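These notes are about the structure you will find just below.
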Amino acid sequence: MVDLKDRGTVKVVDGRYKFEGNFHYIYPNSPIRDKDGELMGVTNPRDITHVHMYGGEAPFFESLKDGKLLGTRCDNPDCEHTGMVHVPFKIHCPDCLKKNTIVDITDTAKKTATVHTFMVTERTGAFNTLKKPIRFINIEFEGVSTILMSYLPLGEPKIGMRVLPIFQTKIPTFTILDLAWVPEGTDESKLPEGFTFSK
């Protein structure tokens with residue numbers, strides 16, 4: 001058996017990532033046999049710790065634990081699209097490439113978010129942690145030029161349906177899964193564990 005007590009960790013020292021410990025554990029393989037016992041292959045189990053660096057997107061993920069939805073806006077007066085707001089978060093304007101300004105769009109989301117389109121699926125990729133069926137929704141907001149993909153843990157999605165953002169504020173994962181949406185009018189007592197409406 002593999003001893004995981006030395007599982008890898010990452011710290012920031014002098015502005016640089018410093019890795020310590022093991023990030024990859026190999027387990028014994030197992031034979032794969034057909035019904036007659038003939039060897040067909042082997043499994044090669046691995047335990048890998050993936051490190052995802054957010055860089056300039058860190059404020060977006062940090063804000064979710066506080067019940068805030070951040071977007072970005074181009075404030076370059078020379079840009080053809082000055083004032084354009086982006087959610088998901090874009091560090092730089094895709095048109096003029098200048099650094100965008102971070103803006104809080106929580107109130108805009110609460111007042112204007114609607115389902116643009118949706119997809120319900122029973123099949124998911126590896127490492128999925130959402131309960132099936134998953135109701136993926138694309139959210140549009142008034143005054144925002146982009147559409148945000150997320151999920152609806154309660155209710156059935158409909159195109160044009162008003163939805164409200166909810167946030168994993170109790171046990172945040174600091175991933176996009178800390179943001180979900182519920183139909184307008186949902187009682188707070190019905191929210192998934194750890195989720196709250198914005199403050």
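Ordering of the structure tokens sets the chain letters (A, B, ...); residue numbers start at 1 within each chain; ligands are numbered from 1 in the order shown.
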
> Which residues, written as a ChimeraX atom specification, have at least one atom at most 7 Å from A:Gly67, with only C-alpha atoms counted and residues fewer than 4 positions away on the same chain left out?
Replying inline: /A:63,167,169,197-199

What parts of stretch 109-180 of chain A does DSSP call strand (DSSP E)? I'd like the answer as a compact mmCIF listing (two decimals) with C-alpha atoms, in the first residue's frame.
```txt
# COMPACT_ATOMS: atom_id res chain seq x y z
CA THR A 114 -31.65 34.11 -17.26
CA VAL A 115 -31.07 30.70 -18.80
CA HIS A 116 -29.86 31.21 -22.38
CA THR A 117 -29.75 27.48 -23.12
CA PHE A 118 -29.26 24.23 -21.23
CA MET A 119 -28.32 20.56 -21.42
CA VAL A 120 -29.26 17.73 -19.06
CA THR A 121 -26.85 14.80 -18.94
CA ILE A 134 -26.51 17.30 -14.22
CA ARG A 135 -28.41 20.33 -15.49
CA PHE A 136 -25.78 22.41 -17.24
CA ILE A 137 -27.04 25.92 -18.00
CA ASN A 138 -25.68 28.85 -19.94
CA ILE A 139 -26.48 32.12 -18.17
CA GLU A 140 -26.90 35.51 -19.80
CA LEU A 148 -21.41 31.90 -18.43
CA MET A 149 -21.71 28.11 -18.26
CA SER A 150 -22.72 26.73 -14.88
CA TYR A 151 -25.19 24.26 -13.38
CA VAL A 163 -32.23 32.27 -11.98
CA LEU A 164 -30.29 33.48 -8.95
CA PRO A 165 -26.65 32.78 -8.11
CA ILE A 166 -25.80 30.68 -5.07
CA PHE A 167 -22.34 30.34 -3.57
CA GLN A 168 -20.49 27.64 -1.64
CA LEU A 179 -21.00 28.91 -8.05
CA ALA A 180 -24.37 27.45 -9.02
```

>> Between A:Asp178, A:Asp14, A:Glu122, A:Asp104, which residue has the minimum interatomic distance to A:Val144, considering only C-alpha atoms?
In response: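 The shortest atom-to-atom distance to A:Val144 comes from A:Asp104.
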
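Nearest to A:Ile48 of all the residues A:Phe23, A:Leu69, A:Lys35, A:Pro28 is A:Phe23, counting only C-alpha atoms.
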
>> So the first atom is atom CA of A:Leu130 and the second is atom CA of A:Leu152; what is the distance between them in Å, to one decimal place?
In response: 10.3 Å

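If you measure from each of A:Val51, A:His92, A:Ile32, A:Gly155 to A:Lys11 using only C-alpha atoms, the closest one turns out to be A:Val51.
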
> Out of stretch 59-135 of chain A, which residues get helix (DSSP H, G or I) from DSSP, as number ranges by chain?
Replying inline: A: 59-64, 106-112

Just write the chosen residues, N, CA and C atoms, as an mmCIF file, in the first residue's frame.
```cif
data_model
loop_
_atom_site.group_PDB
_atom_site.id
_atom_site.type_symbol
_atom_site.label_atom_id
_atom_site.label_comp_id
_atom_site.auth_asym_id
_atom_site.auth_seq_id
_atom_site.Cartn_x
_atom_site.Cartn_y
_atom_site.Cartn_z
ATOM 1 N N PRO A 59 -8.703 36.404 -8.229
ATOM 2 C CA PRO A 59 -9.758 37.177 -7.558
ATOM 3 C C PRO A 59 -11.167 36.636 -7.828
ATOM 4 N N PHE A 60 -11.403 36.110 -9.034
ATOM 5 C CA PHE A 60 -12.719 35.549 -9.367
ATOM 6 C C PHE A 60 -13.048 34.386 -8.429
ATOM 7 N N PHE A 61 -12.128 33.424 -8.304
ATOM 8 C CA PHE A 61 -12.383 32.241 -7.485
ATOM 9 C C PHE A 61 -12.405 32.568 -5.997
ATOM 10 N N GLU A 62 -11.576 33.504 -5.562
ATOM 11 C CA GLU A 62 -11.560 33.930 -4.163
ATOM 12 C C GLU A 62 -12.884 34.598 -3.787
ATOM 13 N N SER A 63 -13.461 35.357 -4.705
ATOM 14 C CA SER A 63 -14.692 36.103 -4.406
ATOM 15 C C SER A 63 -15.902 35.196 -4.227
ATOM 16 N N LEU A 64 -15.899 34.016 -4.830
ATOM 17 C CA LEU A 64 -17.061 33.127 -4.740
ATOM 18 C C LEU A 64 -17.329 32.726 -3.293
ATOM 19 N N THR A 106 -22.480 40.955 -9.011
ATOM 20 C CA THR A 106 -23.416 40.163 -8.214
ATOM 21 C C THR A 106 -24.834 40.715 -8.318
ATOM 22 N N ASP A 107 -25.011 42.019 -8.139
ATOM 23 C CA ASP A 107 -26.352 42.604 -8.214
ATOM 24 C C ASP A 107 -26.961 42.462 -9.601
ATOM 25 N N THR A 108 -26.145 42.649 -10.630
ATOM 26 C CA THR A 108 -26.631 42.465 -12.007
ATOM 27 C C THR A 108 -27.114 41.037 -12.195
ATOM 28 N N ALA A 109 -26.344 40.071 -11.684
ATOM 29 C CA ALA A 109 -26.735 38.664 -11.809
ATOM 30 C C ALA A 109 -28.042 38.396 -11.071
ATOM 31 N N LYS A 110 -28.177 38.937 -9.853
ATOM 32 C CA LYS A 110 -29.399 38.715 -9.073
ATOM 33 C C LYS A 110 -30.629 39.311 -9.764
ATOM 34 N N LYS A 111 -30.448 40.425 -10.463
ATOM 35 C CA LYS A 111 -31.588 41.123 -11.069
ATOM 36 C C LYS A 111 -31.899 40.674 -12.495
ATOM 37 N N THR A 112 -30.889 40.169 -13.236
ATOM 38 C CA THR A 112 -31.121 39.958 -14.676
ATOM 39 C C THR A 112 -30.726 38.597 -15.232
#
```
